[in-house]
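structure.txt, holding compact mmCIF, C-alpha atoms:
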# COMPACT_ATOMS: atom_id res chain seq x y z
CA MET K 1 190.15 142.59 22.06
CA ASN K 2 193.84 142.83 23.03
CA THR K 3 195.49 140.12 25.06
CA LEU K 4 197.19 141.79 28.00
CA PHE K 5 198.73 138.82 29.64
CA LYS K 6 198.76 135.05 29.43
CA LEU K 7 199.74 132.59 32.13
CA THR K 8 200.38 128.92 31.49
CA PHE K 9 201.15 126.76 34.48
CA PRO K 10 200.69 123.27 35.98
CA LEU K 11 197.41 122.93 37.89
CA LYS K 12 198.95 122.55 41.32
CA SER K 13 197.43 123.91 44.51
CA GLU K 14 200.70 125.50 45.62
CA LEU K 15 200.71 127.73 42.51
CA MET K 16 197.32 129.28 43.24
CA THR K 17 198.78 132.13 45.30
CA THR K 18 201.15 133.00 42.47
CA VAL K 19 198.24 133.11 40.05
CA ARG K 20 196.22 135.21 42.49
CA LEU K 21 199.09 137.69 42.82
CA ALA K 22 199.48 137.91 39.06
CA ALA K 23 195.72 138.41 38.71
CA GLY K 24 195.87 141.16 41.34
CA GLY K 25 198.61 142.84 39.32
CA VAL K 26 196.57 142.72 36.12
CA CYS K 27 193.52 144.09 37.93
CA ALA K 28 195.63 147.00 39.22
CA LEU K 29 196.99 147.58 35.72
CA LYS K 30 193.44 147.70 34.43
CA GLY K 31 192.43 150.11 37.21
CA LEU K 32 189.92 147.89 39.00
CA ASP K 33 189.09 148.76 42.59
CA ILE K 34 190.42 146.43 45.26
CA ASP K 35 187.11 144.73 46.07
CA THR K 36 186.55 143.92 42.40
CA ALA K 37 190.15 142.69 42.20
CA GLU K 38 189.50 140.38 45.17
CA ASP K 39 186.36 139.03 43.49
CA CYS K 40 188.31 138.48 40.29
CA LYS K 41 190.92 136.47 42.18
CA VAL K 42 188.23 134.30 43.81
CA CYS K 43 186.64 133.66 40.41
CA ILE K 44 189.93 132.69 38.81
CA THR K 45 190.73 130.33 41.70
CA GLU K 46 187.28 128.73 41.46
CA SER K 47 187.62 128.29 37.71
CA LEU K 48 191.01 126.66 38.11
CA LEU K 49 189.61 124.30 40.74
CA LEU K 50 186.80 123.30 38.38
CA LEU K 51 189.39 122.41 35.75
CA LYS K 52 191.64 120.66 38.25
CA HIS K 53 188.73 118.52 39.45
CA ARG K 54 188.24 117.40 35.85
CA GLY K 55 191.78 116.11 35.63
CA TYR K 56 193.42 118.78 33.48
CA SER K 57 197.14 118.80 34.09
CA SER K 58 197.75 122.48 33.36
CA ALA K 59 195.83 125.62 32.57
CA ASN K 60 196.02 128.85 30.62
CA VAL K 61 194.71 132.08 32.05
CA LEU K 62 194.29 134.82 29.46
CA PHE K 63 193.60 138.41 30.40
CA SER K 64 192.30 140.63 27.62
CA GLU K 65 191.02 144.15 27.60
CA GLY K 66 188.06 145.65 25.89
CA GLY K 67 185.77 147.91 27.89
CA ALA K 68 186.12 145.60 30.86
CA LEU K 69 188.77 143.11 31.85
CA SER K 70 188.08 139.79 30.13
CA VAL K 71 189.42 136.61 31.65
CA ARG K 72 189.43 133.20 30.03
CA ILE K 73 190.61 130.12 31.90
CA GLU K 74 191.08 126.95 29.91
CA GLY K 75 192.36 123.48 30.64
CA GLU K 76 195.27 121.72 28.97
CA GLY K 77 195.59 117.95 28.88
CA GLU K 78 192.93 115.31 28.75
CA GLY K 79 190.37 116.38 31.34
CA GLU K 80 188.98 112.90 31.80
CA GLU K 81 187.42 113.17 35.23
CA GLU K 82 183.84 113.97 36.15
CA GLY K 83 184.35 116.77 38.66
CA THR K 84 183.14 116.78 42.25
CA PRO K 85 179.80 117.55 43.92
CA GLU K 86 181.33 120.80 45.20
CA ASP K 87 181.69 122.05 41.63
CA GLU K 88 178.03 123.00 41.61
CA ILE K 89 178.75 125.43 44.44
CA SER K 90 181.78 126.80 42.59
CA LEU K 91 179.67 127.48 39.50
CA ALA K 92 176.94 129.13 41.58
CA LEU K 93 179.59 131.25 43.31
CA LEU K 94 180.95 132.40 39.94
CA SER K 95 177.45 133.37 38.86
CA ALA K 96 176.84 135.17 42.16
CA LEU K 97 180.01 137.23 41.86
CA LEU K 98 179.98 137.84 38.13
CA GLY K 99 176.41 137.65 36.91
CA GLU K 100 177.37 136.14 33.58
CA VAL K 101 179.85 133.33 33.06
CA GLY K 102 180.62 131.62 29.76
CA THR K 103 181.68 127.99 29.61
CA THR K 104 182.71 125.74 26.76
CA GLU K 105 183.06 121.99 26.59
CA ARG K 106 185.45 119.71 24.76
CA ASN K 107 184.58 116.04 24.35
CA GLY K 108 181.60 116.56 26.64
CA LYS K 109 183.75 117.93 29.47
CA LEU K 110 184.07 121.47 30.78
CA PHE K 111 187.04 123.01 28.98
CA SER K 112 186.99 126.75 29.55
CA ILE K 113 185.41 129.40 31.71
CA SER K 114 185.32 133.03 30.68
CA PHE K 115 183.98 136.19 32.21
CA GLU K 116 184.29 139.95 32.17
CA ILE K 117 184.82 142.01 35.27
CA GLY K 118 184.98 145.75 36.00
CA THR K 119 184.32 148.58 33.63
CA GLY K 120 187.90 149.69 33.09
CA LYS K 121 189.41 153.14 33.30
CA MET M 1 163.12 111.92 51.95
CA THR M 2 164.23 113.88 48.86
CA GLU M 3 165.39 117.49 49.00
CA SER M 4 162.12 118.65 47.49
CA GLU M 5 160.00 116.61 49.93
CA LEU M 6 161.99 117.92 52.87
CA PHE M 7 161.43 121.54 51.90
CA GLN M 8 157.80 120.92 51.03
CA ARG M 9 157.16 119.41 54.42
CA TYR M 10 158.94 122.28 56.18
CA ARG M 11 156.98 124.86 54.17
CA GLU M 12 153.70 123.16 55.07
CA THR M 13 154.39 122.51 58.75
CA GLY M 14 156.92 125.18 59.76
CA ASP M 15 158.39 122.52 62.02
CA LEU M 16 161.65 123.92 63.47
CA ALA M 17 163.06 120.43 63.91
CA LEU M 18 162.80 120.03 60.14
CA ARG M 19 164.45 123.38 59.56
CA ASN M 20 167.31 122.32 61.83
CA LEU M 21 167.59 119.07 59.93
CA ILE M 22 167.83 120.97 56.64
CA ALA M 23 170.35 123.41 58.14
CA GLU M 24 172.58 120.56 59.33
CA LYS M 25 172.35 118.89 55.93
CA TYR M 26 173.51 122.03 54.10
CA LEU M 27 175.84 123.58 56.66
CA PHE M 28 178.76 122.34 54.58
CA ILE M 29 177.87 124.94 51.92
CA ALA M 30 178.26 127.70 54.51
CA ALA M 31 181.65 126.24 55.47
CA ILE M 32 182.83 125.99 51.86
CA LEU M 33 181.78 129.53 50.97
CA ALA M 34 183.22 131.02 54.18
CA LYS M 35 186.58 129.49 53.28
CA LYS M 36 186.51 131.10 49.83
CA PHE M 37 186.54 134.56 51.41
CA VAL M 38 189.25 133.98 53.99
CA GLY M 39 192.20 136.28 53.37
CA ARG M 40 190.33 139.56 53.21
CA GLY M 41 190.98 140.43 56.84
CA VAL M 42 188.03 138.70 58.51
CA GLU M 43 188.39 135.54 60.57
CA TYR M 44 186.97 132.28 59.26
CA ASP M 45 184.83 131.87 62.40
CA ASP M 46 183.12 135.20 61.70
CA LEU M 47 182.57 134.36 58.06
CA TYR M 48 181.21 130.94 58.96
CA GLN M 49 178.80 132.53 61.42
CA VAL M 50 177.57 135.00 58.80
CA ALA M 51 177.25 132.24 56.21
CA SER M 52 175.35 129.99 58.63
CA LEU M 53 172.85 132.71 59.49
CA ALA M 54 172.35 133.39 55.78
CA LEU M 55 171.75 129.68 55.29
CA ILE M 56 169.02 129.61 57.93
CA LYS M 57 167.36 132.71 56.46
CA GLY M 58 167.64 131.16 53.01
CA ILE M 59 165.90 127.97 54.14
CA ASP M 60 162.85 130.03 55.07
CA ARG M 61 162.83 131.81 51.71
CA PHE M 62 163.45 128.78 49.49
CA ASP M 63 160.52 127.57 47.43
CA GLU M 64 161.15 124.11 46.01
CA ARG M 65 158.20 124.52 43.61
CA LYS M 66 160.28 126.88 41.48
CA GLY M 67 162.42 123.94 40.40
CA LEU M 68 165.77 125.32 41.56
CA LYS M 69 168.21 123.15 43.50
CA PHE M 70 168.77 124.44 47.01
CA SER M 71 172.56 124.65 46.60
CA THR M 72 172.12 126.83 43.49
CA PHE M 73 169.66 129.05 45.34
CA ILE M 74 171.59 129.40 48.58
CA THR M 75 175.08 130.07 47.17
CA PRO M 76 174.33 133.60 45.92
CA THR M 77 172.34 134.31 49.09
CA ILE M 78 175.26 133.39 51.33
CA THR M 79 177.77 135.12 49.05
CA GLY M 80 175.68 138.32 49.19
CA GLU M 81 175.55 138.22 52.99
CA ILE M 82 179.30 137.69 53.24
CA LYS M 83 179.95 140.61 50.92
CA ASN M 84 177.61 142.78 52.98
CA TYR M 85 179.51 141.76 56.07
CA PHE M 86 182.77 142.89 54.49
CA ARG M 87 181.30 146.35 54.20
CA ASP M 88 180.98 146.38 57.98
CA ARG M 89 183.96 144.21 58.50
CA SER M 90 186.28 143.67 61.33
CA ARG M 91 189.95 144.20 60.66
CA LEU M 92 191.03 141.51 63.06
CA VAL M 93 194.07 139.93 61.53
CA HIS M 94 196.93 138.13 63.18
CA LEU M 95 199.79 139.27 61.03
CA PRO M 96 203.25 140.68 61.61
CA ARG M 97 202.92 144.27 62.74
CA LYS M 98 204.22 145.96 59.60
CA VAL M 99 202.03 143.89 57.28
CA SER M 100 198.95 144.28 59.44
CA GLU M 101 199.57 148.02 59.75
CA LEU M 102 199.89 148.38 56.00
CA ARG M 103 196.81 146.26 55.46
CA ALA M 104 194.86 148.39 57.93
CA SER M 105 196.17 151.56 56.28
CA VAL M 106 195.19 150.25 52.86
CA ARG M 107 191.62 149.63 54.00
CA LYS M 108 191.40 152.97 55.81
CA THR M 109 192.79 154.83 52.83
CA ALA M 110 190.52 152.91 50.47
CA ASP M 111 187.49 154.00 52.50
CA ALA M 112 188.70 157.62 52.63
CA LEU M 113 189.42 157.68 48.90
CA THR M 114 186.06 156.08 48.12
CA GLU M 115 184.41 159.00 49.89
CA LYS M 116 186.70 161.59 48.29
CA LEU M 117 186.63 160.25 44.72
CA GLY M 118 183.06 159.00 44.69
CA LYS M 119 184.28 155.61 43.45
CA LYS M 120 186.29 152.73 44.82
CA PRO M 121 190.01 153.47 44.42
CA THR M 122 192.49 151.39 42.45
CA ALA M 123 195.59 149.86 44.02
CA GLY M 124 197.65 152.55 42.26
CA GLU M 125 195.61 155.37 43.80
CA ILE M 126 195.90 153.82 47.27
CA ALA M 127 199.65 153.34 46.81
CA GLU M 128 200.06 156.97 45.81
CA ALA M 129 198.04 158.19 48.79
CA LEU M 130 200.06 156.05 51.21
CA GLY M 131 203.44 156.70 49.61
CA VAL M 132 204.13 152.99 49.14
CA SER M 133 204.56 150.88 46.03
CA GLU M 134 201.59 149.44 44.18
CA GLU M 135 203.07 145.99 44.71
CA ASP M 136 203.08 146.51 48.48
CA VAL M 137 199.39 147.35 48.34
CA LEU M 138 198.71 144.22 46.32
CA LEU M 139 200.84 142.06 48.57
CA SER M 140 199.13 143.36 51.68
CA ALA M 141 195.83 142.26 50.14
CA GLU M 142 197.29 138.77 49.80
CA ALA M 143 198.60 138.69 53.33
CA GLY M 144 195.39 137.85 55.14
CA GLY M 145 195.52 134.09 54.76
CA ILE M 146 195.90 132.10 57.93
CA VAL M 147 198.45 129.31 57.77
CA SER M 148 198.77 126.71 60.49
CA LEU M 149 202.18 126.61 62.15
CA ASP M 150 201.81 122.85 62.17
CA LYS M 151 201.59 122.71 58.39
CA PRO M 152 204.73 121.15 56.84
CA SER M 153 206.87 123.74 55.08
CA GLU M 154 207.22 123.41 51.32
CA ASP M 155 210.83 122.33 51.12
CA SER M 156 211.35 120.12 54.15
CA ASP M 157 209.66 117.72 56.50
CA MET M 158 209.63 120.29 59.27
CA ASN M 159 206.58 122.41 59.97
CA TYR M 160 206.51 126.22 59.91
CA TYR M 161 206.80 126.33 63.69
CA ASP M 162 210.18 124.62 63.39
CA VAL M 163 211.55 126.78 60.63
CA ILE M 164 210.31 130.28 61.45
CA PRO M 165 213.17 132.11 63.17
CA ALA M 166 212.64 133.24 66.75
CA ASP M 167 212.22 136.92 67.39
CA ASN M 168 215.41 137.96 69.15
CA ASP M 169 214.46 141.52 69.83
CA VAL M 170 214.12 140.88 73.55
CA PHE M 171 214.02 144.51 74.66
CA GLU M 172 211.23 145.38 72.29
CA LYS M 173 209.32 142.33 73.48
CA ILE M 174 209.68 143.32 77.13
CA GLU M 175 208.63 146.88 76.42
CA THR M 176 205.63 145.73 74.41
CA ARG M 177 204.64 143.17 77.04
CA ASP M 178 204.73 145.75 79.82
CA ALA M 179 202.66 148.19 77.81
CA VAL M 180 200.13 145.47 76.95
CA LEU M 181 199.87 144.23 80.54
CA SER M 182 199.30 147.73 81.80
CA ALA M 183 196.62 148.37 79.15
CA VAL M 184 194.92 145.04 79.90
CA LYS M 185 194.71 145.91 83.62
CA GLU M 186 192.40 148.78 82.74
CA LEU M 187 189.87 146.44 81.10
CA SER M 188 186.76 145.17 82.91
CA GLU M 189 186.78 141.68 84.41
CA THR M 190 184.70 140.22 81.55
CA GLU M 191 186.99 141.82 78.98
CA ARG M 192 190.07 140.44 80.74
CA GLN M 193 188.46 137.01 80.77
CA LEU M 194 187.98 137.21 77.01
CA VAL M 195 191.57 138.34 76.49
CA LYS M 196 192.75 135.40 78.62
CA PHE M 197 190.73 132.84 76.64
CA ARG M 198 191.50 134.24 73.21
CA PHE M 199 195.10 135.40 73.49
CA SER M 200 196.60 133.54 76.43
CA GLU M 201 194.91 130.16 76.04
CA GLU M 202 194.47 130.80 72.28
CA LEU M 203 190.96 129.34 72.21
CA SER M 204 188.78 129.83 69.14
CA GLN M 205 185.97 132.37 69.26
CA VAL M 206 183.49 129.50 69.32
CA GLU M 207 185.14 127.84 72.34
CA THR M 208 185.52 131.20 74.11
CA ALA M 209 181.81 131.88 73.55
CA ARG M 210 180.95 128.46 74.98
CA ARG M 211 183.01 129.03 78.11
CA MET M 212 181.62 132.51 78.65
CA GLY M 213 178.05 131.43 77.95
CA VAL M 214 177.54 133.95 75.14
CA SER M 215 177.27 133.79 71.34
CA GLN M 216 180.30 133.68 69.06
CA MET M 217 179.10 136.89 67.39
CA TYR M 218 179.11 138.57 70.81
CA VAL M 219 182.69 137.41 71.37
CA SER M 220 183.66 138.70 67.94
CA ARG M 221 182.17 142.14 68.59
CA MET M 222 183.59 142.36 72.10
CA GLU M 223 187.02 141.29 70.88
CA ARG M 224 186.97 144.01 68.24
CA LYS M 225 186.06 146.63 70.84
CA ILE M 226 188.74 145.42 73.24
CA LEU M 227 191.40 145.52 70.55
CA GLU M 228 190.36 149.04 69.59
CA LYS M 229 190.61 150.08 73.25
CA LEU M 230 194.00 148.43 73.67
CA ARG M 231 195.28 149.94 70.44
CA GLU M 232 194.29 153.42 71.59
CA ARG M 233 195.86 152.94 75.02
CA LEU M 234 199.04 151.49 73.56
CA LYS M 235 199.33 154.37 71.12
CA LYS M 236 199.11 156.79 74.03
CA SER M 237 201.50 154.90 76.29
CA MET M 238 204.09 154.29 73.57
CA ALA M 239 203.89 157.74 71.97
Hey, can you dump this file as structure tokens for me?
Amino acid sequence: MNTLFKLTFPLKSELMTTVRLAAGGVCALKGLDIDTAEDCKVCITESLLLLKHRGYSSANVLFSEGGALSVRIEGEGEGEEEGTPEDEISLALLSALLGEVGTTERNGKLFSISFEIGTGK
Amino acid sequence: MTESELFQRYRETGDLALRNLIAEKYLFIAAILAKKFVGRGVEYDDLYQVASLALIKGIDRFDERKGLKFSTFITPTITGEIKNYFRDRSRLVHLPRKVSELRASVRKTADALTEKLGKKPTAGEIAEALGVSEEDVLLSAEAGGIVSLDKPSEDSDMNYYDVIPADNDVFEKIETRDAVLSAVKELSETERQLVKFRFSEELSQVETARRMGVSQMYVSRMERKILEKLRERLKKSMA
């Protein structure tokens, strides 16, 4: 699978729009329709919030292409916090929009979220 | 009473007071999910209404004996309803004219291309059809977010209301105002009342509905119709 694009940035709320715009650009590059692109942006935002709630100071978002667009969002830093009760809703929302979501843990804490979206050109 | 006991009792008795209690307890999920979908051209109030109705329907369908938590069950239900609503969505956005026009054109073209191509179009295909850049199409999709004018701007202590420059195009404003006033005069009394509440007094749809003694959904639908009417009349008068 080829990495198309990688973003590394501090997990700050004011940067979310920038990430969403970049994600929109990648979705367009990959030829996803606009509704799927919107869903992809929501899923990336939710994933970043999950990591932010766990205390990660920055995050990497990696876009790769195979048949579909693959997105992996991972935390950087310690990630020492427990998350919030709303996280359960975020995870359910990811499942509702994507069907299948992969997660990994590091030191017993959520570390990465990955999913595939769209079928590509 | 635990979540499971609450649902069990409601399932056994069908007591509406219990259903209302459950709805109030979980209404925050509807609010959270509605917020996630703001920015796609539909007002938060509308999304919240759709999400709340989905919540109530979901309460009736939830079976606690299956071992699922209610929040896990209801999130996809509400998300599905919101996505269905987008298919029949309103394009009511309060954006600068050029942005809102482009956004409307993008949606219209997307629908037309979907029909023509037999699949949902990409941003590139929409951009080509509209003769604008792909970036403009993407930016217009980002432009639906509502930002409070009272929110402090990012680089100073002043809020957006203080720092956004005034529109100095007085003649255009006068011309537009006259055209709008003349178009509004042709509306029925009820429609004018709605316009007054929503656009003169700037009340929310919920408050407007309360004052008019109707549902918020009714206000939303009526508002959409009025705006369509006004748009048509303004097009004619300003052509």
Problem set entry | Residue neighbourhood Leu130 of chain M, 8 Å, all atoms listed in the file, exclusion window fewer than 5 positions, as a ChimeraX atom specification | /M:105-106,109
Residues of segment 24-118 of chain K at most 10 Å from segment 18-40 of chain M: nearest atom pair and distance in Å, all atoms listed in the file, as CSV:
residue,atom,partner,partner_atom,distance
K:Asp35,CA,M:Arg40,CA,9.4
K:Glu38,CA,M:Arg40,CA,8.1
K:Asp39,CA,M:Phe37,CA,9.1
K:Val42,CA,M:Lys36,CA,7.0
K:Cys43,CA,M:Lys36,CA,9.8
K:Thr45,CA,M:Lys36,CA,9.2
K:Glu46,CA,M:Lys36,CA,8.7
K:Glu86,CA,M:Ile32,CA,8.6
K:Ile89,CA,M:Ile29,CA,7.5
K:Ser90,CA,M:Leu33,CA,8.8
K:Leu93,CA,M:Leu33,CA,8.2
For this session: Give the residues of chain M that lie within 7 Å of chain K; count only C-alpha atoms, and format the answer as an MDAnalysis selection string.
Result: chainID M and resid 71:72 75:76 79 120:124 138
Problem set entry | Length of the atom CA of Phe5 of chain K to atom CA of Lys119 of chain M vector [Å] |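 So the two atoms, atom CA of Phe5 of chain K and atom CA of Lys119 of chain M, lie 26.1 Å apart.
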Exercise. In Å, how far is it from atom CA of Glu135 of chain M to atom CA of Ile113 of chain K?
Worked result: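 Result for atom CA of Glu135 of chain M versus atom CA of Ile113 of chain K: 27.5 Å, one decimal.
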Just add N, CA and C atoms to segment 39-59 of chain M and send it as a PDB file, in the frame of the given file.
ATOM      1  N   GLY M  39     191.082 135.581  53.997  1.00  0.00           N
ATOM      2  CA  GLY M  39     192.200 136.280  53.370  1.00  0.00           C
ATOM      3  C   GLY M  39     191.873 137.721  53.049  1.00  0.00           C
ATOM      4  N   ARG M  40     190.663 138.157  53.437  1.00  0.00           N
ATOM      5  CA  ARG M  40     190.330 139.560  53.210  1.00  0.00           C
ATOM      6  C   ARG M  40     190.266 140.306  54.552  1.00  0.00           C
ATOM      7  N   GLY M  41     190.884 139.721  55.571  1.00  0.00           N
ATOM      8  CA  GLY M  41     190.980 140.430  56.840  1.00  0.00           C
ATOM      9  C   GLY M  41     189.906 140.083  57.853  1.00  0.00           C
ATOM     10  N   VAL M  42     189.050 139.112  57.541  1.00  0.00           N
ATOM     11  CA  VAL M  42     188.030 138.700  58.510  1.00  0.00           C
ATOM     12  C   VAL M  42     188.265 137.234  58.855  1.00  0.00           C
ATOM     13  N   GLU M  43     188.124 136.913  60.141  1.00  0.00           N
ATOM     14  CA  GLU M  43     188.390 135.540  60.570  1.00  0.00           C
ATOM     15  C   GLU M  43     187.376 134.554  59.986  1.00  0.00           C
ATOM     16  N   TYR M  44     187.849 133.323  59.795  1.00  0.00           N
ATOM     17  CA  TYR M  44     186.970 132.280  59.260  1.00  0.00           C
ATOM     18  C   TYR M  44     185.750 132.084  60.157  1.00  0.00           C
ATOM     19  N   ASP M  45     185.958 132.079  61.468  1.00  0.00           N
ATOM     20  CA  ASP M  45     184.830 131.870  62.400  1.00  0.00           C
ATOM     21  C   ASP M  45     183.713 132.882  62.154  1.00  0.00           C
ATOM     22  N   ASP M  46     184.115 134.143  61.951  1.00  0.00           N
ATOM     23  CA  ASP M  46     183.120 135.200  61.700  1.00  0.00           C
ATOM     24  C   ASP M  46     182.391 134.945  60.383  1.00  0.00           C
ATOM     25  N   LEU M  47     183.170 134.597  59.373  1.00  0.00           N
ATOM     26  CA  LEU M  47     182.570 134.360  58.060  1.00  0.00           C
ATOM     27  C   LEU M  47     181.620 133.164  58.105  1.00  0.00           C
ATOM     28  N   TYR M  48     182.029 132.138  58.838  1.00  0.00           N
ATOM     29  CA  TYR M  48     181.210 130.940  58.960  1.00  0.00           C
ATOM     30  C   TYR M  48     179.890 131.263  59.655  1.00  0.00           C
ATOM     31  N   GLN M  49     179.993 132.107  60.686  1.00  0.00           N
ATOM     32  CA  GLN M  49     178.800 132.530  61.420  1.00  0.00           C
ATOM     33  C   GLN M  49     177.831 133.280  60.493  1.00  0.00           C
ATOM     34  N   VAL M  50     178.382 134.218  59.735  1.00  0.00           N
ATOM     35  CA  VAL M  50     177.570 135.000  58.800  1.00  0.00           C
ATOM     36  C   VAL M  50     176.924 134.076  57.766  1.00  0.00           C
ATOM     37  N   ALA M  51     177.744 133.159  57.238  1.00  0.00           N
ATOM     38  CA  ALA M  51     177.250 132.240  56.210  1.00  0.00           C
ATOM     39  C   ALA M  51     176.158 131.320  56.781  1.00  0.00           C
ATOM     40  N   SER M  52     176.336 130.885  58.019  1.00  0.00           N
ATOM     41  CA  SER M  52     175.350 129.990  58.630  1.00  0.00           C
ATOM     42  C   SER M  52     174.017 130.698  58.845  1.00  0.00           C
ATOM     43  N   LEU M  53     174.092 131.953  59.293  1.00  0.00           N
ATOM     44  CA  LEU M  53     172.850 132.710  59.490  1.00  0.00           C
ATOM     45  C   LEU M  53     172.136 132.931  58.148  1.00  0.00           C
ATOM     46  N   ALA M  54     172.939 133.207  57.120  1.00  0.00           N
ATOM     47  CA  ALA M  54     172.350 133.390  55.780  1.00  0.00           C
ATOM     48  C   ALA M  54     171.686 132.098  55.312  1.00  0.00           C
ATOM     49  N   LEU M  55     172.310 130.981  55.657  1.00  0.00           N
ATOM     50  CA  LEU M  55     171.750 129.680  55.290  1.00  0.00           C
ATOM     51  C   LEU M  55     170.376 129.496  55.925  1.00  0.00           C
ATOM     52  N   ILE M  56     170.294 129.803  57.217  1.00  0.00           N
ATOM     53  CA  ILE M  56     169.020 129.610  57.930  1.00  0.00           C
ATOM     54  C   ILE M  56     167.942 130.541  57.344  1.00  0.00           C
ATOM     55  N   LYS M  57     168.331 131.792  57.067  1.00  0.00           N
ATOM     56  CA  LYS M  57     167.360 132.710  56.460  1.00  0.00           C
ATOM     57  C   LYS M  57     166.926 132.200  55.087  1.00  0.00           C
ATOM     58  N   GLY M  58     167.909 131.660  54.367  1.00  0.00           N
ATOM     59  CA  GLY M  58     167.640 131.160  53.010  1.00  0.00           C
ATOM     60  C   GLY M  58     166.690 129.969  53.021  1.00  0.00           C
ATOM     61  N   ILE M  59     166.790 129.137  54.048  1.00  0.00           N
ATOM     62  CA  ILE M  59     165.900 127.970  54.140  1.00  0.00           C
ATOM     63  C   ILE M  59     164.447 128.442  54.194  1.00  0.00           C
TER      64      ILE M  59
END
